[in-house]
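Text of query_20.pdb, listed as PDB, C-alpha atoms and all ligand atoms:
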ATOM      1  CA  MET A  28     208.363 -44.110 275.101
ATOM      2  CA  GLU A  29     211.849 -42.643 274.844
ATOM      3  CA  LYS A  30     215.264 -43.130 273.332
ATOM      4  CA  VAL A  31     218.598 -41.299 273.415
ATOM      5  CA  ILE A  32     219.809 -40.422 269.910
ATOM      6  CA  HIS A  33     223.119 -38.643 269.318
ATOM      7  CA  GLY A  34     223.098 -37.495 272.965
ATOM      8  CA  THR A  35     219.538 -36.114 272.863
ATOM      9  CA  ARG A  36     216.645 -37.760 274.672
ATOM     10  CA  ILE A  37     213.589 -38.042 272.432
ATOM     11  CA  VAL A  38     210.395 -38.556 274.418
ATOM     12  CA  LEU A  39     206.970 -39.489 273.048
ATOM     13  CA  LYS A  40     204.083 -38.961 275.411
ATOM     14  CA  LYS A  41     200.348 -38.525 275.474
ATOM     15  CA  GLY A  42     199.208 -35.241 276.951
ATOM     16  CA  ASP A  43     198.339 -31.579 276.794
ATOM     17  CA  ILE A  44     201.313 -29.551 275.593
ATOM     18  CA  THR A  45     200.227 -26.487 277.598
ATOM     19  CA  GLU A  46     201.242 -28.442 280.735
ATOM     20  CA  GLU A  47     204.806 -29.129 279.574
ATOM     21  CA  ASP A  48     207.683 -27.628 281.547
ATOM     22  CA  CYS A  49     210.244 -27.454 278.714
ATOM     23  CA  ASP A  50     212.097 -24.209 277.919
ATOM     24  CA  ALA A  51     209.809 -23.846 274.911
ATOM     25  CA  ILE A  52     206.653 -25.439 273.563
ATOM     26  CA  VAL A  53     205.842 -25.244 269.871
ATOM     27  CA  ASN A  54     202.522 -23.835 268.729
ATOM     28  CA  ALA A  55     200.768 -25.102 265.577
ATOM     29  CA  ALA A  56     199.641 -21.592 264.639
ATOM     30  CA  ASN A  57     198.156 -20.052 261.518
ATOM     31  CA  SER A  58     199.813 -17.242 259.592
ATOM     32  CA  SER A  59     197.820 -14.527 261.367
ATOM     33  CA  LEU A  60     199.500 -15.454 264.702
ATOM     34  CA  MET A  61     196.320 -14.187 266.343
ATOM     35  CA  GLY A  62     195.222 -17.500 267.838
ATOM     36  CA  GLY A  63     192.574 -19.943 266.726
ATOM     37  CA  GLY A  64     191.268 -23.362 267.739
ATOM     38  CA  GLY A  65     193.080 -26.577 268.685
ATOM     39  CA  VAL A  66     196.457 -26.375 270.336
ATOM     40  CA  ASP A  67     196.830 -22.712 269.245
ATOM     41  CA  GLY A  68     193.683 -21.690 271.104
ATOM     42  CA  ALA A  69     194.755 -23.627 274.209
ATOM     43  CA  ILE A  70     198.233 -22.014 274.251
ATOM     44  CA  HIS A  71     196.917 -18.456 273.827
ATOM     45  CA  LYS A  72     194.230 -19.016 276.446
ATOM     46  CA  LYS A  73     196.560 -20.420 279.083
ATOM     47  CA  GLY A  74     199.558 -18.198 278.237
ATOM     48  CA  GLY A  75     197.543 -14.996 278.307
ATOM     49  CA  ARG A  76     197.997 -11.470 276.987
ATOM     50  CA  ILE A  77     201.783 -11.424 276.666
ATOM     51  CA  ILE A  78     201.715 -13.976 273.857
ATOM     52  CA  HIS A  79     199.088 -12.022 271.935
ATOM     53  CA  GLU A  80     200.958  -8.744 272.390
ATOM     54  CA  GLU A  81     204.263 -10.181 271.218
ATOM     55  CA  CYS A  82     202.566 -11.805 268.229
ATOM     56  CA  LEU A  83     201.028  -8.444 267.314
ATOM     57  CA  ARG A  84     204.475  -6.850 267.437
ATOM     58  CA  ILE A  85     205.995  -9.605 265.280
ATOM     59  CA  ARG A  86     203.216  -9.168 262.713
ATOM     60  CA  LYS A  87     203.689  -5.421 262.648
ATOM     61  CA  GLU A  88     207.490  -5.312 262.559
ATOM     62  CA  GLU A  89     208.501  -8.515 260.779
ATOM     63  CA  TYR A  90     205.578 -10.184 259.005
ATOM     64  CA  PRO A  91     202.886  -7.673 258.006
ATOM     65  CA  GLN A  92     201.561 -10.210 255.463
ATOM     66  CA  GLY A  93     201.485 -13.005 258.040
ATOM     67  CA  LEU A  94     203.974 -15.734 258.944
ATOM     68  CA  PRO A  95     204.530 -18.003 255.921
ATOM     69  CA  GLU A  96     204.024 -21.776 256.158
ATOM     70  CA  GLY A  97     207.143 -23.550 257.400
ATOM     71  CA  GLU A  98     208.555 -20.498 259.213
ATOM     72  CA  ALA A  99     208.840 -20.082 262.995
ATOM     73  CA  VAL A 100     209.057 -17.193 265.480
ATOM     74  CA  ILE A 101     209.425 -17.012 269.260
ATOM     75  CA  THR A 102     207.512 -15.217 272.023
ATOM     76  CA  ARG A 103     207.550 -15.472 275.776
ATOM     77  CA  GLY A 104     205.250 -18.041 277.368
ATOM     78  CA  GLY A 105     203.301 -15.722 279.683
ATOM     79  CA  ASN A 106     201.460 -17.807 282.266
ATOM     80  CA  LEU A 107     202.525 -21.137 280.781
ATOM     81  CA  LYS A 108     205.010 -23.418 282.553
ATOM     82  CA  ALA A 109     207.237 -23.145 279.467
ATOM     83  CA  ARG A 110     209.094 -19.827 279.393
ATOM     84  CA  PHE A 111     208.790 -19.507 275.625
ATOM     85  CA  VAL A 112     206.480 -20.421 272.774
ATOM     86  CA  ILE A 113     207.819 -21.083 269.288
ATOM     87  CA  HIS A 114     205.021 -20.385 266.813
ATOM     88  CA  THR A 115     205.162 -22.171 263.492
ATOM     89  CA  VAL A 116     202.648 -22.453 260.662
ATOM     90  CA  GLY A 117     202.155 -25.939 259.298
ATOM     91  CA  PRO A 118     200.889 -26.603 255.785
ATOM     92  CA  VAL A 119     197.279 -27.381 255.020
ATOM     93  CA  TRP A 120     197.120 -30.935 253.608
ATOM     94  CA  ARG A 121     196.136 -30.788 249.939
ATOM     95  CA  GLY A 122     196.846 -34.392 248.969
ATOM     96  CA  GLY A 123     200.605 -34.415 249.517
ATOM     97  CA  ASN A 124     201.863 -33.349 246.086
ATOM     98  CA  VAL A 125     202.190 -29.600 246.482
ATOM     99  CA  GLY A 126     205.164 -29.390 248.811
ATOM    100  CA  GLU A 127     203.406 -30.118 252.100
ATOM    101  CA  GLY A 128     206.223 -32.462 253.181
ATOM    102  CA  ASP A 129     208.938 -29.833 252.749
ATOM    103  CA  LEU A 130     206.886 -27.211 254.554
ATOM    104  CA  LEU A 131     206.157 -29.484 257.501
ATOM    105  CA  PHE A 132     209.837 -30.492 257.617
ATOM    106  CA  ASN A 133     210.743 -26.788 257.753
ATOM    107  CA  CYS A 134     208.374 -26.237 260.689
ATOM    108  CA  TYR A 135     210.286 -28.776 262.773
ATOM    109  CA  MET A 136     213.746 -27.733 261.555
ATOM    110  CA  ASN A 137     213.177 -23.987 261.986
ATOM    111  CA  SER A 138     211.711 -24.507 265.467
ATOM    112  CA  LEU A 139     214.697 -26.651 266.478
ATOM    113  CA  MET A 140     217.099 -24.009 265.120
ATOM    114  CA  ILE A 141     215.391 -21.327 267.235
ATOM    115  CA  ALA A 142     215.761 -23.579 270.296
ATOM    116  CA  LEU A 143     219.426 -24.119 269.456
ATOM    117  CA  ARG A 144     220.137 -20.405 268.960
ATOM    118  CA  ASN A 145     218.532 -19.650 272.316
ATOM    119  CA  GLY A 146     220.485 -22.362 274.124
ATOM    120  CA  PHE A 147     217.349 -24.263 275.186
ATOM    121  CA  SER A 148     217.839 -27.701 276.645
ATOM    122  CA  CYS A 149     214.247 -28.882 276.153
ATOM    123  CA  ILE A 150     211.617 -28.297 273.451
ATOM    124  CA  ALA A 151     208.154 -29.875 273.118
ATOM    125  CA  PHE A 152     206.229 -30.301 269.859
ATOM    126  CA  PRO A 153     202.591 -31.111 269.140
ATOM    127  CA  ALA A 154     201.695 -33.033 265.973
ATOM    128  CA  ILE A 155     201.742 -29.938 263.733
ATOM    129  CA  SER A 156     199.102 -29.810 260.944
ATOM    130  CA  THR A 157     197.359 -33.055 261.972
ATOM    131  CA  GLY A 158     194.195 -31.393 263.315
ATOM    132  CA  ALA A 159     192.348 -28.626 261.493
ATOM    133  CA  PHE A 160     194.932 -28.691 258.692
ATOM    134  CA  GLY A 161     194.162 -32.348 257.888
ATOM    135  CA  TYR A 162     197.675 -33.816 257.557
ATOM    136  CA  PRO A 163     197.612 -37.631 257.810
ATOM    137  CA  LEU A 164     199.195 -38.800 261.073
ATOM    138  CA  ARG A 165     201.549 -41.368 259.582
ATOM    139  CA  GLU A 166     202.917 -38.967 256.987
ATOM    140  CA  ALA A 167     203.235 -36.233 259.602
ATOM    141  CA  ALA A 168     205.142 -38.534 261.963
ATOM    142  CA  LYS A 169     207.598 -39.575 259.230
ATOM    143  CA  THR A 170     208.317 -35.943 258.411
ATOM    144  CA  ALA A 171     208.651 -34.939 262.072
ATOM    145  CA  PHE A 172     211.155 -37.702 262.793
ATOM    146  CA  SER A 173     213.172 -37.166 259.636
ATOM    147  CA  ALA A 174     213.582 -33.479 260.529
ATOM    148  CA  ILE A 175     214.539 -34.370 264.107
ATOM    149  CA  ARG A 176     216.988 -37.028 262.885
ATOM    150  CA  GLN A 177     218.622 -34.636 260.429
ATOM    151  CA  PHE A 178     218.872 -31.934 263.079
ATOM    152  CA  LEU A 179     220.516 -34.338 265.540
ATOM    153  CA  GLU A 180     223.022 -35.601 262.983
ATOM    154  CA  LYS A 181     224.395 -32.074 262.693
ATOM    155  CA  ASN A 182     223.810 -30.819 266.225
ATOM    156  CA  ASN A 183     224.319 -33.857 268.407
ATOM    157  CA  GLY A 184     223.661 -33.419 272.102
ATOM    158  CA  LYS A 185     223.160 -29.651 271.937
ATOM    159  CA  ILE A 186     219.500 -29.920 272.932
ATOM    160  CA  LYS A 187     219.101 -32.355 275.827
ATOM    161  CA  GLU A 188     215.470 -33.309 275.288
ATOM    162  CA  ILE A 189     212.939 -33.180 272.462
ATOM    163  CA  ARG A 190     209.377 -34.126 273.429
ATOM    164  CA  MET A 191     206.549 -35.060 271.069
ATOM    165  CA  VAL A 192     203.333 -34.463 272.976
ATOM    166  CA  LEU A 193     200.414 -36.270 271.365
ATOM    167  CA  TYR A 194     196.912 -35.346 272.342
ATOM    168  CA  THR A 195     194.879 -38.288 271.102
ATOM    169  CA  ASP A 196     195.301 -42.054 271.517
ATOM    170  CA  GLU A 197     195.454 -42.432 267.755
ATOM    171  CA  ALA A 198     198.183 -39.821 267.330
ATOM    172  CA  PHE A 199     200.184 -41.417 270.138
ATOM    173  CA  ARG A 200     199.793 -44.894 268.621
ATOM    174  CA  ILE A 201     200.797 -43.862 265.119
ATOM    175  CA  PHE A 202     203.688 -41.615 266.177
ATOM    176  CA  SER A 203     204.965 -44.450 268.404
ATOM    177  CA  GLN A 204     204.876 -46.913 265.491
ATOM    178  CA  VAL A 205     206.760 -44.563 263.190
ATOM    179  CA  PHE A 206     209.197 -43.684 265.991
ATOM    180  CA  SER A 207     210.243 -47.332 266.343
ATOM    181  CA  GLU A 208     210.724 -47.577 262.579
ATOM    182  CA  PHE A 209     212.990 -44.515 262.641
ATOM    183  CA  PHE A 210     215.138 -44.883 265.740
TER
HETATM  184  N1  LIG B   1     198.228 -30.367 273.362
HETATM  185  C1  LIG B   1     198.828 -31.126 272.409
HETATM  186  N2  LIG B   1     198.238 -31.381 271.224
HETATM  187  C2  LIG B   1     197.020 -30.845 271.002
HETATM  188  C3  LIG B   1     196.337 -30.035 271.932
HETATM  189  C4  LIG B   1     197.001 -29.805 273.172
HETATM  190  N3  LIG B   1     196.457 -29.050 274.128
HETATM  191  N4  LIG B   1     195.142 -29.670 271.393
HETATM  192  C5  LIG B   1     195.074 -30.230 270.164
HETATM  193  N5  LIG B   1     196.199 -30.960 269.930
HETATM  194  P1  LIG B   1     195.468 -28.337 265.493
HETATM  195  P2  LIG B   1     196.781 -27.778 262.918
HETATM  196  C6  LIG B   1     196.597 -31.748 268.752
HETATM  197  O1  LIG B   1     194.130 -28.344 264.857
HETATM  198  O2  LIG B   1     196.253 -29.012 262.322
HETATM  199  C7  LIG B   1     194.098 -23.783 264.723
HETATM  200  O3  LIG B   1     192.833 -23.222 264.700
HETATM  201  C8  LIG B   1     195.507 -32.203 267.813
HETATM  202  O4  LIG B   1     194.898 -33.392 268.278
HETATM  203  O5  LIG B   1     195.637 -27.682 266.809
HETATM  204  O6  LIG B   1     198.236 -27.427 262.706
HETATM  205  C9  LIG B   1     195.185 -22.793 264.318
HETATM  206  O7  LIG B   1     194.852 -21.471 264.677
HETATM  207  C10 LIG B   1     196.301 -32.432 266.533
HETATM  208  O8  LIG B   1     196.884 -33.748 266.528
HETATM  209  O9  LIG B   1     196.580 -27.653 264.514
HETATM  210  C11 LIG B   1     195.265 -22.969 262.834
HETATM  211  O10 LIG B   1     194.296 -22.190 262.163
HETATM  212  C12 LIG B   1     197.434 -31.425 266.626
HETATM  213  O11 LIG B   1     197.429 -30.921 267.962
HETATM  214  C13 LIG B   1     194.962 -24.434 262.630
HETATM  215  O12 LIG B   1     194.161 -24.822 263.736
HETATM  216  C14 LIG B   1     197.296 -30.242 265.666
HETATM  217  O13 LIG B   1     195.937 -29.854 265.581
HETATM  218  C15 LIG B   1     196.212 -25.260 262.644
HETATM  219  O14 LIG B   1     195.892 -26.597 262.366
END
Please go through the file and, once you have read it, give me the structure as structure tokens.
Ligand code: AR6
Amino acid sequence: MEKVIHGTRIVLKKGDITEEDCDAIVNAANSSLMGGGGVDGAIHKKGGRIIHEECLRIRKEEYPQGLPEGEAVITRGGNLKARFVIHTVGPVWRGGNVGEGDLLFNCYMNSLMIALRNGFSCIAFPAISTGAFGYPLREAAKTAFSAIRQFLEKNNGKIKEIRMVLYTDEAFRIFSQVFSEFF
């Protein structure tokens, strides 16, 4: 499923984000930046040592207390097809009334701004927070697409392609539904 919005191609696909050949893939990390399960574990495993080493340096020099929710940082991609990984920390779902929406919005917006600053033409996102962090898929999709839409309104055509890479059938189905409501 895909559509061109304000000069940017938005692609929704089912798949494993570690196989994507964009300039950067986004990692749904935790604030330690030291890896974990889910997509984070898969990215660190396939990308290798370089990612871990650069995350250690970022922790030491920039975020000794850990990367806050909603923020994003960039490392090289190591052995991945993507040359870079943008690590962002999604919010843990606590019912939806304690600012989760704003934090998740910031994850997408801050990651897109890093891609823009680096002149990337393609960035791929997983469904941040919808696994271990328990964010409902429909709510997550609405927030993802409203951040993408807002970004494109201000920065039309500067990034050529934004991919949403959904791992499960259910995530793909729900993100596709919300996508057609949005665009
Ligand atoms: N490619 C694309 N999507 C994937 C992949 C993959 N290879 N693997 C899983 N997903 P999660 P979170 C989907 O749990 O909810 C980690 O331990 C998955 O189906 O990876 O943000 C971190 O270290 C789900 O839809 O991330 C943190 O501690 C989505 O990616 C914590 O989990 C996000 O699921 C972060 O939790």
Residue nearest ligand LIG 1 (chain B) - candidates A:Ile150, A:Ile77, A:Ile52, A:Ile85, atoms counted: all atoms listed in the file: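 Counting all atoms listed in the file, the residue closest to ligand LIG 1 (chain B) is A:Ile52.
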With a distance cut-off of 12 Å and all atoms listed in the file, select the neighbouring residues of Lys72 in chain A, excluding the residue or stretch itself and same-chain residues fewer than 2 positions from it, and output the selection as an NGL selection string. :A and (45 or 61-70 or 74-79 or 104-107)
Nearest-residue call for Ile113 in chain A, choices A:Asn54, A:Asn137, A:Ser148, A:Ser203, using all atoms listed in the file: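 Distance minimum relative to Ile113 in chain A lands on A:Asn54.
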Could you jot down the CA of Cys82 in chain A to CA of Leu60 in chain A separation for me, Å, one decimal place?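 About the pair CA of Cys82 in chain A and CA of Leu60 in chain A: they are 5.9 Å apart.
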Show me which residues line ligand LIG 1 (chain B), defined as having an atom within 8 Å of a ligand atom where all atoms listed in the file count, and present them as a ChimeraX atom specification. /A:42-45,55-58,60-70,116-119,152-162,164,192-195,198
If you measure from CA of Ile101 in chain A to CA of Glu166 in chain A, what distance in Å do you get, rounded to one decimal?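 Computed distance, CA of Ile101 in chain A to CA of Glu166 in chain A, equals 26.0 Å.
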For the file shown, report as a ChimeraX atom specification the outcome of the PyMOL selection byres (((chain A and resi 134) around 6) and not hetatm) at residue level. /A:97-98,115,131-133,135-137
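CA of Gln177 in chain A sits 10.7 Å away from CA of His33 in chain A.
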Go through the shown structure with the PyMOL selection byres (((chain A and resi 175) around 9) and not hetatm) and write out the matching residues as a PyMOL selection string. chain A and resi 132+135-136+139+170-174+176-180+189
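The nearest approach to Leu94 in chain A among the residues A:Thr35, A:Ser59, A:Ser138, A:Ser207, with only C-alpha atoms taken into account, belongs to A:Ser59.
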Pick from A:Ala167, A:Arg86, A:Gly93, A:Thr102 nearest to Gly123 in chain A, counting only C-alpha atoms: A:Ala167
For Glu127 in chain A, the nearest of the candidates A:Phe147, A:Lys108, A:Phe209, A:Pro163, counting all atoms listed in the file: A:Pro163
Which residue of A:Arg144, A:Asn183, A:Glu88, A:Lys41 approaches Arg200 in chain A most closely, using all atoms listed in the file: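 Among A:Arg144, A:Asn183, A:Glu88, A:Lys41, it is A:Lys41 that comes nearest to Arg200 in chain A.
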From (205.5, -39.4, 275.4), in the file's coordinates, out to 7 Å: which residues are reached, counting only C-alpha atoms? Answer as a PDB file with C-alpha atoms, in the coordinates of the input.
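The resulting file, result_12.pdb, is reproduced below:
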ATOM      1  CA  MET A  28     208.363 -44.110 275.101  1.00  0.00           C
ATOM      2  CA  VAL A  38     210.395 -38.556 274.418  1.00  0.00           C
ATOM      3  CA  LEU A  39     206.970 -39.489 273.048  1.00  0.00           C
ATOM      4  CA  LYS A  40     204.083 -38.961 275.411  1.00  0.00           C
ATOM      5  CA  LYS A  41     200.348 -38.525 275.474  1.00  0.00           C
ATOM      6  CA  ARG A 190     209.377 -34.126 273.429  1.00  0.00           C
ATOM      7  CA  MET A 191     206.549 -35.060 271.069  1.00  0.00           C
ATOM      8  CA  VAL A 192     203.333 -34.463 272.976  1.00  0.00           C
TER       9      VAL A 192
END
Please write a file for range 116-136 of chain A, taken from the block I just shared, that holds N, CA and C atoms and is laid out as a PDB file, in the first residue's frame.
ATOM      1  N   VAL A 116      12.879   6.232  21.901  1.00  0.00           N
ATOM      2  CA  VAL A 116      12.253   5.511  23.016  1.00  0.00           C
ATOM      3  C   VAL A 116      10.782   5.874  23.065  1.00  0.00           C
ATOM      4  N   GLY A 117       9.940   4.905  22.742  1.00  0.00           N
ATOM      5  CA  GLY A 117       8.502   5.131  22.801  1.00  0.00           C
ATOM      6  C   GLY A 117       8.010   5.106  24.246  1.00  0.00           C
ATOM      7  N   PRO A 118       6.806   5.617  24.459  1.00  0.00           N
ATOM      8  CA  PRO A 118       6.225   5.570  25.802  1.00  0.00           C
ATOM      9  C   PRO A 118       5.640   4.192  26.109  1.00  0.00           C
ATOM     10  N   VAL A 119       5.670   3.853  27.384  1.00  0.00           N
ATOM     11  CA  VAL A 119       4.926   2.670  27.832  1.00  0.00           C
ATOM     12  C   VAL A 119       3.465   3.094  27.924  1.00  0.00           C
ATOM     13  N   TRP A 120       2.558   2.270  27.401  1.00  0.00           N
ATOM     14  CA  TRP A 120       1.118   2.590  27.459  1.00  0.00           C
ATOM     15  C   TRP A 120       0.616   2.445  28.892  1.00  0.00           C
ATOM     16  N   ARG A 121       0.053   3.536  29.423  1.00  0.00           N
ATOM     17  CA  ARG A 121      -0.490   3.484  30.786  1.00  0.00           C
ATOM     18  C   ARG A 121      -1.961   3.875  30.802  1.00  0.00           C
ATOM     19  N   GLY A 122      -2.659   3.624  29.694  1.00  0.00           N
ATOM     20  CA  GLY A 122      -4.080   3.941  29.628  1.00  0.00           C
ATOM     21  C   GLY A 122      -4.389   5.125  28.719  1.00  0.00           C
ATOM     22  N   GLY A 123      -3.385   5.891  28.351  1.00  0.00           N
ATOM     23  CA  GLY A 123      -3.580   6.938  27.346  1.00  0.00           C
ATOM     24  C   GLY A 123      -3.764   8.345  27.892  1.00  0.00           C
ATOM     25  N   ASN A 124      -3.821   8.489  29.206  1.00  0.00           N
ATOM     26  CA  ASN A 124      -4.103   9.819  29.777  1.00  0.00           C
ATOM     27  C   ASN A 124      -2.916  10.485  30.445  1.00  0.00           C
ATOM     28  N   VAL A 125      -1.735   9.935  30.270  1.00  0.00           N
ATOM     29  CA  VAL A 125      -0.571  10.555  30.919  1.00  0.00           C
ATOM     30  C   VAL A 125       0.490  10.980  29.887  1.00  0.00           C
ATOM     31  N   GLY A 126      -0.025  11.478  28.761  1.00  0.00           N
ATOM     32  CA  GLY A 126       0.888  12.073  27.777  1.00  0.00           C
ATOM     33  C   GLY A 126       1.521  11.099  26.801  1.00  0.00           C
ATOM     34  N   GLU A 127       1.005   9.862  26.757  1.00  0.00           N
ATOM     35  CA  GLU A 127       1.610   8.883  25.844  1.00  0.00           C
ATOM     36  C   GLU A 127       1.549   9.351  24.392  1.00  0.00           C
ATOM     37  N   GLY A 128       0.411   9.974  24.023  1.00  0.00           N
ATOM     38  CA  GLY A 128       0.223  10.418  22.632  1.00  0.00           C
ATOM     39  C   GLY A 128       1.285  11.427  22.213  1.00  0.00           C
ATOM     40  N   ASP A 129       1.546  12.401  23.075  1.00  0.00           N
ATOM     41  CA  ASP A 129       2.556  13.420  22.742  1.00  0.00           C
ATOM     42  C   ASP A 129       3.942  12.791  22.622  1.00  0.00           C
ATOM     43  N   LEU A 130       4.232  11.874  23.529  1.00  0.00           N
ATOM     44  CA  LEU A 130       5.557  11.241  23.510  1.00  0.00           C
ATOM     45  C   LEU A 130       5.746  10.407  22.249  1.00  0.00           C
ATOM     46  N   LEU A 131       4.702   9.660  21.876  1.00  0.00           N
ATOM     47  CA  LEU A 131       4.826   8.838  20.668  1.00  0.00           C
ATOM     48  C   LEU A 131       4.942   9.736  19.426  1.00  0.00           C
ATOM     49  N   PHE A 132       4.158  10.807  19.412  1.00  0.00           N
ATOM     50  CA  PHE A 132       4.248  11.802  18.330  1.00  0.00           C
ATOM     51  C   PHE A 132       5.693  12.311  18.218  1.00  0.00           C
ATOM     52  N   ASN A 133       6.287  12.646  19.358  1.00  0.00           N
ATOM     53  CA  ASN A 133       7.664  13.153  19.364  1.00  0.00           C
ATOM     54  C   ASN A 133       8.656  12.135  18.812  1.00  0.00           C
ATOM     55  N   CYS A 134       8.430  10.857  19.099  1.00  0.00           N
ATOM     56  CA  CYS A 134       9.317   9.816  18.547  1.00  0.00           C
ATOM     57  C   CYS A 134       9.375   9.906  17.025  1.00  0.00           C
ATOM     58  N   TYR A 135       8.186   9.996  16.400  1.00  0.00           N
ATOM     59  CA  TYR A 135       8.148  10.061  14.940  1.00  0.00           C
ATOM     60  C   TYR A 135       8.737  11.381  14.452  1.00  0.00           C
ATOM     61  N   MET A 136       8.318  12.492  15.066  1.00  0.00           N
ATOM     62  CA  MET A 136       8.769  13.809  14.598  1.00  0.00           C
ATOM     63  C   MET A 136      10.285  13.963  14.768  1.00  0.00           C
TER      64      MET A 136
END
